[in-house]
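Since the structure comes first, as structure tokens, the remarks are kept for the end.
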Amino acid sequence: MSKRVQQLDRVIIRFAGDSGDGMQLTGDRFTQESAAFGNDLVTLPNFPAEIRAPQGTLPGVSSFQVHFADHDILTAGDAPDVLVAMNPAALRANLGDLHKGATIIVDTHDFTSRNLTKAGYQDSPLDNDSLTEFAVHPLDLTGMTVAAVKEFGLSRKDAARAKNMFALGLLSWMYGRPTETTVTFLSQRFAKVPDIRDANITAFKMGWNFGETTETFVVQYEVKPATMAPGTYRNITGNLALSYGLIAAGVRSGLPIFLGSYPITPASDILHELSKHKSFGVTTFQAEDEISGIGAALGAAFAGHLGVTTTSGPGLALKSETIGLAVMTELPLLVIDVQRGGPSTGLPTKTEQADLLQAMFGRNGEAPVPIVAPQSPGDCFTAAIEAARIAITYRTPVLLLSDGYLANGSEPWRIPDVADLADIDPGFATHRNQTVTVKGEDRSEFWPYLREESTLARPWAIPGTAGLEHRIGGLEKGDGHGNISYDPANHDFMVRTRQAKVDRIAESIPPLQVDDPTGSPGQSGAKVLVLGWGSTYGPIGAACRRVRKAGYDVAQVHLRHLNPFPQDLGEILQRYDKILVPEMNLGQLSMLVRARYLVDAIGYNHVRGLPLKAAELAQAIGELVSQAEGIEVDLGVHGLAAAHSLSASAHSKEATE
Amino acid sequence: MTTTEGTQLPFPSLRSGVELVPRVDPDAPTQTGKEFTSDQEVRWCPGCGDYAVLKAVQGFLPDLGLRRENIVFVSGIGCSSRFPYYLDTYGMHSIHGRAPAIATGIATAREDLSVWVVTGDGDALSIGGNHLIHALRRNVNMTILLFNNRIYGLTKGQYSPTSEPGKVTKSTPMGSVDHPFNPVSLALGAEASFVARTIDSDRKHLIHVLSAAAAHRGTSFVEIYQNCPIFNDGAFDAIKDNDTKADAIIPLVHGETIRFGAHGGKGLVRDRATGGVKVVATADVSADDLLVHDAHSPDPSTAFAISRLTDSGYLNQSPIGIFRQVERATYDDQARAQLHTASDAAPAEPQARLSALINGGDTWTVV
């Protein structure tokens, strides 16, 4: 049977099922296939904090969204075009996110009265008219899978477990994905259990064949490869990129890495990954608690290693006192906070950006700490190296603020050439640095707080270096000699010097790149600037594109450095009439910007545990453009209107990202 | 960075705790206590037991024969934690309770350092209790000196986790209702591989124990009874007073029958009723029944039973000496061995391996 092929520029698919249904694996495989095919893509895994929440219930639903396109895209997409729902709970939990006209592929096998009740359905939505706005394909995926793998003699339970591969095969056919990578992957993953391996590969192939032969699906879709800059690419998650960035910082600085860490979602994968790379001289210490994790890392830093600790918000709270000690002792230390929903335990598996003020101010006394933030999963690599550069060069703890979305989300990453990565010079102290006259005789001494002029960094003298024996600690130090000092003027001087040292980092930060297609600096047509940091880069970029596509002007700038701010930020903010600051918190960057630059930064704030939605944000930008320019703004298909109108096609007709 | 020469110390273990620490040139002039003394003025109260311990340590460190720059002292917060400032070695005066965690990082990162932790009863047993027990269980190669004065000194006289029940202090005007820790019992319960107790005023015994602790590979835990003349004066009088100390101190020497009291009139026997040990008059039992101290026993039960003979109220009786000294693989040695194994299996140059690492997985090339 010949099928019609329809061209699409982008598609958003969400795989949803029970926690044990293998939806993360299914999504990941579809992602790898799309990456190998050459699409640009962004993914959004979303799973419960419970490892196995009660089967068939709404809290137990796990999902994986992948957005792939024939052009560069910035987000995982606002609303799925296709939902694959493996049970009633998965359907019910995700239905509200779909736009009208979306395609739903349902595994009918679990639509029993018991499972319907668990999901809160009175009667089956497949049997009434509640889904008429969607293109629904009810299929017995489990039944077909069990039949397909009969020959391998598996238990019914094991046979049914391959249903996710059947679904993957079907979707792979629908979107013309290459299948080799998945077959190779399954062969390797289940190499030791041949019957499971063969069942999964068979289920995957049968899913593909079903798509090709069934009359249920009459259209196959094609999303051509995206035009991307030349280079070698791989798909990468933020936590993996961050781990590689740390290893790269170790290699380029020549310092062995010491990671002191306590397991915490969503940061643990960095501990797991680094523990695999001992051959690079990476020591991983799983501590008894968060405090010990950072304590050991600081001890290792004193001993001359690149000390790193990884955590999430609650752990950062526990580490505060040791960060203060690192500020006082002026030792290099990387503190990585993979932010999650808070306060307290909050939403462990969901994303948020609400630790910025904790990172900035969450210590006793005047304890300035540089802060850097990655803007996309692949960018975590570069951000980790930058954090290490600052820590080592300026002898200071540095906070790196990733988040749950960056950590688990993925994108194609152009692999850098190792030779192009900057060198970082630890510059250990080797000689005494001061001459004092005692009873008329000159005597050389080592002064641990004698500073380098350009950076204000103090010497890093590690144990084992003869003649440089010295003591440091949490008590206030006398300028230069570093002995305990309670002198009022000295304390005032040291407080200001520690602040000046952090401020001075701004001199090493390159100018900001303002994305403002309307004009060159000083003569911009845009009156609205959108200022962001961290993982909101994608939604902000996508929202700005929508506004521009609709014919309006808007500028965008994104911050890598949150402390100190880049030197040109103040001047850039002055160029625009309105500043919008979208954040996944209640306005933390906007508070800092307002305080620092006395500008009327306007917050756009959501704390839903999910990335911002581009269409909603575009609408907010549009409203601000309307105010700033005194014009009517109608974003049409590029704004919210599109998402709520019934689309004729199974696929979104809203604005291209 | 490493030396193979063993240390000549009274309690040689199979592998010395300072075996990998560089030693001073044998032809160089002998080190003196003065070289280990920093130029900082010591600021403890007059009569504080910390002075005696500091003098003993400054006098004893040269005997180790280690290069001064390869010795690191780490402390927490409290009176005793000022200790590192007064020694001309590398040192860090850190945060309340966290010294064992920081020292774990130092000791794991560097096999060529001799790492010492100085802590107190409040620092180690109250705010830092968690780090202490985990350091002991991991058996990181370092020596922990716990100065136990049974009071909070630096905060001016509140009861501590080793203060006796009923103690009247600023925070317990009607008497403390807290049950105290026995630091030696706690360390044995955490499966420490070296556990000892000594007294600030007994310089000879103190140095003997410190030597054994330094020689031990793994975490050496040394409780030092230390008098606070300001807030808890006389807490250890019974074991220091010439008239009472013979009955108060139960001396523990490996391989020797445990005897104490005037003319060795008291000894220990196993108590079949409790499974523990009890004090008896040696005249009442056969000499064969008297307990011989075995610090090297793999089973810590007897050492624990002996530790229970310590008074939890006013200290009228306490076993003193090395309770336990056994061989157990250290965390840091094993962690470094894993690094070496992994490095040996990956001989290529790091830049090339980094390139291979980040280019791993499913890749595709756009031209």
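Order determines the names: the first chain of the structure tokens is A, the second B, and so forth; residues in each chain are numbered 1 upward, and ligands are numbered 1 upward as they are shown.
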Would you mind listing what lies within 8 Å of Val279 of chain B as number ranges by chain, with only C-alpha atoms counted and same-chain residues fewer than 4 positions away left out? B: 266-269
Find the spatial neighbours of segment 88-90 of chain A, counting only C-alpha atoms, within a cut-off of 9 Å - ignore same-chain residues fewer than 4 positions away - and output them as a PyMOL selection string. chain A and resi 15-18+56-63+84+94-95+106-108+110-112+115-121+124-125
For chain A against chain B, which residues fall within 6 Å using only C-alpha atoms, given as a ChimeraX atom specification? /A:230-234,278-279,292,295-297,299-300,303,418,463-466,469-474
Alpha helix (DSSP H) positions in segment 306-445 of chain A, given as a PDB file with C-alpha atoms, in the first residue's frame:
```
ATOM      1  CA  GLY A 313      18.797  23.713  46.407  1.00  0.00           C
ATOM      2  CA  PRO A 314      18.322  21.978  49.784  1.00  0.00           C
ATOM      3  CA  GLY A 315      21.945  20.830  49.659  1.00  0.00           C
ATOM      4  CA  LEU A 316      23.153  24.314  48.809  1.00  0.00           C
ATOM      5  CA  ALA A 317      21.472  25.547  51.977  1.00  0.00           C
ATOM      6  CA  LEU A 318      23.515  23.046  53.991  1.00  0.00           C
ATOM      7  CA  LYS A 319      26.741  24.041  52.250  1.00  0.00           C
ATOM      8  CA  SER A 320      26.384  27.762  53.012  1.00  0.00           C
ATOM      9  CA  GLU A 321      28.774  27.833  55.957  1.00  0.00           C
ATOM     10  CA  THR A 322      31.549  26.073  54.051  1.00  0.00           C
ATOM     11  CA  ILE A 323      31.110  28.397  51.080  1.00  0.00           C
ATOM     12  CA  GLY A 324      31.662  31.205  53.574  1.00  0.00           C
ATOM     13  CA  LEU A 325      34.877  29.515  54.717  1.00  0.00           C
ATOM     14  CA  ALA A 326      35.991  29.237  51.083  1.00  0.00           C
ATOM     15  CA  VAL A 327      35.300  32.962  50.669  1.00  0.00           C
ATOM     16  CA  MET A 328      37.385  33.705  53.759  1.00  0.00           C
ATOM     17  CA  THR A 329      40.234  31.299  52.956  1.00  0.00           C
ATOM     18  CA  LEU A 356      19.655  32.795  42.415  1.00  0.00           C
ATOM     19  CA  LEU A 357      19.269  34.941  45.508  1.00  0.00           C
ATOM     20  CA  GLN A 358      20.415  32.048  47.701  1.00  0.00           C
ATOM     21  CA  ALA A 359      23.536  31.773  45.554  1.00  0.00           C
ATOM     22  CA  MET A 360      24.009  35.523  45.693  1.00  0.00           C
ATOM     23  CA  PHE A 361      23.325  36.199  49.354  1.00  0.00           C
ATOM     24  CA  ASP A 379      26.291  24.987  27.082  1.00  0.00           C
ATOM     25  CA  CYS A 380      26.814  23.311  30.480  1.00  0.00           C
ATOM     26  CA  PHE A 381      30.192  22.170  29.088  1.00  0.00           C
ATOM     27  CA  THR A 382      31.410  25.699  28.437  1.00  0.00           C
ATOM     28  CA  ALA A 383      29.898  27.062  31.648  1.00  0.00           C
ATOM     29  CA  ALA A 384      31.776  24.475  33.739  1.00  0.00           C
ATOM     30  CA  ILE A 385      35.097  25.499  32.174  1.00  0.00           C
ATOM     31  CA  GLU A 386      34.301  29.178  32.716  1.00  0.00           C
ATOM     32  CA  ALA A 387      33.432  28.516  36.376  1.00  0.00           C
ATOM     33  CA  ALA A 388      36.753  26.716  36.809  1.00  0.00           C
ATOM     34  CA  ARG A 389      38.626  29.554  35.128  1.00  0.00           C
ATOM     35  CA  ILE A 390      37.169  32.094  37.538  1.00  0.00           C
ATOM     36  CA  ALA A 391      37.674  29.890  40.605  1.00  0.00           C
ATOM     37  CA  ILE A 392      41.307  29.122  39.835  1.00  0.00           C
ATOM     38  CA  THR A 393      42.312  32.545  38.536  1.00  0.00           C
ATOM     39  CA  TYR A 394      40.692  34.510  41.349  1.00  0.00           C
ATOM     40  CA  GLY A 404      16.493  20.326  36.298  1.00  0.00           C
ATOM     41  CA  TYR A 405      15.482  21.129  32.739  1.00  0.00           C
ATOM     42  CA  LEU A 406      19.072  21.647  31.564  1.00  0.00           C
ATOM     43  CA  ALA A 407      20.250  18.624  33.557  1.00  0.00           C
ATOM     44  CA  ASN A 408      17.915  16.083  31.977  1.00  0.00           C
TER      45      ASN A 408
END
```
How far is it from atom CA of Leu334 of chain A to atom CA of Lys350 of chain A, in Å with one decimal? 23.3 Å
I want to know what sits within 9 Å of segment 150-165 of chain B, based on only C-alpha atoms, with residues of the same chain fewer than 6 positions away left out; could you give that as a VMD selection string? chain B and resid 77 to 79 120 to 122 125 to 126 171 to 172 175 to 183 225 to 228 230 to 232 235 311 to 315
Can you spit out the residues from that selection as a CSV table (one decimal), in the first residue's frame, using N, CA and C atoms?
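Result went into selection29.csv, see below:
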```csv
chain,number,residue,atom,x,y,z
B,77,ILE,N,36.1,24.4,65.6
B,77,ILE,CA,35.9,25.6,66.3
B,77,ILE,C,35.8,25.2,67.8
B,78,GLY,N,36.4,26.1,68.6
B,78,GLY,CA,36.5,25.8,70.1
B,78,GLY,C,37.8,26.2,70.5
B,79,CYS,N,38.0,26.2,71.9
B,79,CYS,CA,39.4,26.6,72.4
B,79,CYS,C,40.5,25.7,71.8
B,120,GLY,N,37.4,19.2,69.8
B,120,GLY,CA,37.1,19.2,71.2
B,120,GLY,C,35.8,18.3,71.4
B,121,ASP,N,35.3,18.2,72.7
B,121,ASP,CA,34.1,17.4,72.9
B,121,ASP,C,32.9,18.0,72.3
B,122,GLY,N,32.8,19.3,72.3
B,122,GLY,CA,31.6,19.9,71.6
B,122,GLY,C,31.7,19.8,70.1
B,125,LEU,N,31.8,15.8,69.0
B,125,LEU,CA,30.7,14.9,69.5
B,125,LEU,C,29.3,15.5,69.4
B,126,SER,N,29.3,16.8,69.3
B,126,SER,CA,28.0,17.4,69.2
B,126,SER,C,27.7,17.9,67.8
B,171,SER,N,23.6,27.0,81.2
B,171,SER,CA,22.4,26.6,80.4
B,171,SER,C,21.7,25.5,81.1
B,172,THR,N,22.2,25.0,82.3
B,172,THR,CA,21.5,24.0,83.0
B,172,THR,C,21.5,24.4,84.5
B,175,GLY,N,20.6,21.6,86.7
B,175,GLY,CA,21.3,20.4,86.5
B,175,GLY,C,21.0,19.8,85.1
B,176,SER,N,22.0,19.3,84.4
B,176,SER,CA,21.8,18.8,83.1
B,176,SER,C,21.0,17.5,83.1
B,177,VAL,N,20.1,17.3,82.2
B,177,VAL,CA,19.3,16.1,82.1
B,177,VAL,C,19.8,15.3,80.8
B,178,ASP,N,20.9,15.7,80.2
B,178,ASP,CA,21.4,15.0,79.0
B,178,ASP,C,22.3,13.9,79.5
B,179,HIS,N,22.2,12.8,78.8
B,179,HIS,CA,23.1,11.6,79.0
B,179,HIS,C,24.3,11.8,78.2
B,180,PRO,N,25.5,11.7,78.8
B,180,PRO,CA,26.7,11.9,78.1
B,180,PRO,C,27.2,10.8,77.2
B,181,PHE,N,28.0,11.2,76.2
B,181,PHE,CA,28.7,10.2,75.3
B,181,PHE,C,30.0,9.8,76.1
B,182,ASN,N,30.4,8.5,75.9
B,182,ASN,CA,31.7,8.1,76.2
B,182,ASN,C,32.5,8.0,74.9
B,183,PRO,N,33.4,9.0,74.6
B,183,PRO,CA,34.0,9.1,73.3
B,183,PRO,C,34.7,7.8,72.8
B,225,TYR,N,42.1,13.7,77.9
B,225,TYR,CA,41.5,14.4,79.0
B,225,TYR,C,42.2,15.7,79.3
B,226,GLN,N,41.4,16.8,79.3
B,226,GLN,CA,42.1,18.1,79.3
B,226,GLN,C,41.3,19.0,80.3
B,227,ASN,N,42.1,19.5,81.2
B,227,ASN,CA,41.4,20.3,82.3
B,227,ASN,C,41.1,21.8,81.8
B,228,CYS,N,39.9,22.2,82.0
B,228,CYS,CA,39.5,23.6,81.8
B,228,CYS,C,39.5,24.3,83.1
B,230,ILE,N,38.9,27.3,84.0
B,230,ILE,CA,37.9,28.4,84.2
B,230,ILE,C,36.5,27.8,84.4
B,231,PHE,N,36.1,26.9,83.5
B,231,PHE,CA,34.7,26.5,83.6
B,231,PHE,C,34.4,25.1,84.1
B,232,ASN,N,35.5,24.3,84.2
B,232,ASN,CA,35.3,22.9,84.7
B,232,ASN,C,36.5,22.4,85.5
B,235,ALA,N,37.8,18.6,87.0
B,235,ALA,CA,37.0,17.5,86.4
B,235,ALA,C,37.8,16.2,86.4
B,311,ASP,N,33.7,6.2,84.3
B,311,ASP,CA,32.5,6.8,84.9
B,311,ASP,C,31.8,7.8,84.0
B,312,SER,N,30.5,7.7,84.0
B,312,SER,CA,29.8,8.7,83.2
B,312,SER,C,29.5,10.0,84.1
B,313,GLY,N,29.5,9.8,85.4
B,313,GLY,CA,29.4,11.0,86.3
B,313,GLY,C,30.7,11.6,86.5
B,314,TYR,N,31.0,12.1,87.7
B,314,TYR,CA,32.3,12.6,88.1
B,314,TYR,C,33.3,11.5,87.9
B,315,LEU,N,34.5,11.8,87.3
B,315,LEU,CA,35.4,10.8,86.8
B,315,LEU,C,36.3,10.3,88.0
```
Please identify the strand (DSSP E) residues within segment 91-183 of chain B (assignment by DSSP from backbone atoms) and present them as a ChimeraX atom specification. /B:91-93,114-120,142-148
Just the number, please: distance in Å from atom CA of Tyr449 of chain A to atom CA of Arg252 of chain A, one decimal.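 Going from atom CA of Tyr449 of chain A over to atom CA of Arg252 of chain A, I get 26.3 Å.
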Work out how far apart atom CA of Ile415 of chain A and atom CA of Arg340 of chain A are and give it in Å to one decimal.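 Going from atom CA of Ile415 of chain A over to atom CA of Arg340 of chain A covers 27.5 Å.
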Name all residues at most 9 Å from Glu223 of chain B (count only C-alpha atoms; drop same-chain ones fewer than 4 positions away) and give them as a PyMOL selection string. chain B and resi 144-148+183-184+195-199
Written file, previous selection with N, CA and C atoms, as an mmCIF file, in the first residue's frame:
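Output saved as selection-v2.cif:
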```
data_model
loop_
_atom_site.group_PDB
_atom_site.id
_atom_site.type_symbol
_atom_site.label_atom_id
_atom_site.label_comp_id
_atom_site.auth_asym_id
_atom_site.auth_seq_id
_atom_site.Cartn_x
_atom_site.Cartn_y
_atom_site.Cartn_z
ATOM 1 N N ILE B 144 43.096 11.872 64.805
ATOM 2 C CA ILE B 144 42.145 12.820 65.398
ATOM 3 C C ILE B 144 42.442 12.943 66.892
ATOM 4 N N LEU B 145 42.789 14.142 67.316
ATOM 5 C CA LEU B 145 43.024 14.408 68.736
ATOM 6 C C LEU B 145 41.801 15.109 69.302
ATOM 7 N N LEU B 146 41.073 14.412 70.174
ATOM 8 C CA LEU B 146 39.867 14.995 70.765
ATOM 9 C C LEU B 146 40.200 15.474 72.172
ATOM 10 N N PHE B 147 40.270 16.772 72.346
ATOM 11 C CA PHE B 147 40.534 17.361 73.662
ATOM 12 C C PHE B 147 39.217 17.386 74.427
ATOM 13 N N ASN B 148 39.111 16.556 75.431
ATOM 14 C CA ASN B 148 37.843 16.434 76.160
ATOM 15 C C ASN B 148 37.959 17.118 77.516
ATOM 16 N N PRO B 183 33.383 8.962 74.647
ATOM 17 C CA PRO B 183 34.005 9.085 73.318
ATOM 18 C C PRO B 183 34.671 7.803 72.837
ATOM 19 N N VAL B 184 35.285 7.064 73.763
ATOM 20 C CA VAL B 184 35.954 5.826 73.360
ATOM 21 C C VAL B 184 34.922 4.770 72.942
ATOM 22 N N VAL B 195 41.986 3.301 68.692
ATOM 23 C CA VAL B 195 41.265 4.082 69.690
ATOM 24 C C VAL B 195 42.111 4.133 70.966
ATOM 25 N N ALA B 196 42.386 5.349 71.419
ATOM 26 C CA ALA B 196 43.203 5.485 72.626
ATOM 27 C C ALA B 196 42.683 6.626 73.476
ATOM 28 N N ARG B 197 43.116 6.603 74.753
ATOM 29 C CA ARG B 197 42.771 7.694 75.672
ATOM 30 C C ARG B 197 44.025 8.038 76.466
ATOM 31 N N THR B 198 44.272 9.333 76.640
ATOM 32 C CA THR B 198 45.427 9.758 77.425
ATOM 33 C C THR B 198 45.081 11.033 78.188
ATOM 34 N N ILE B 199 46.057 11.594 78.876
ATOM 35 C CA ILE B 199 45.798 12.712 79.799
ATOM 36 C C ILE B 199 46.759 13.858 79.493
#
```
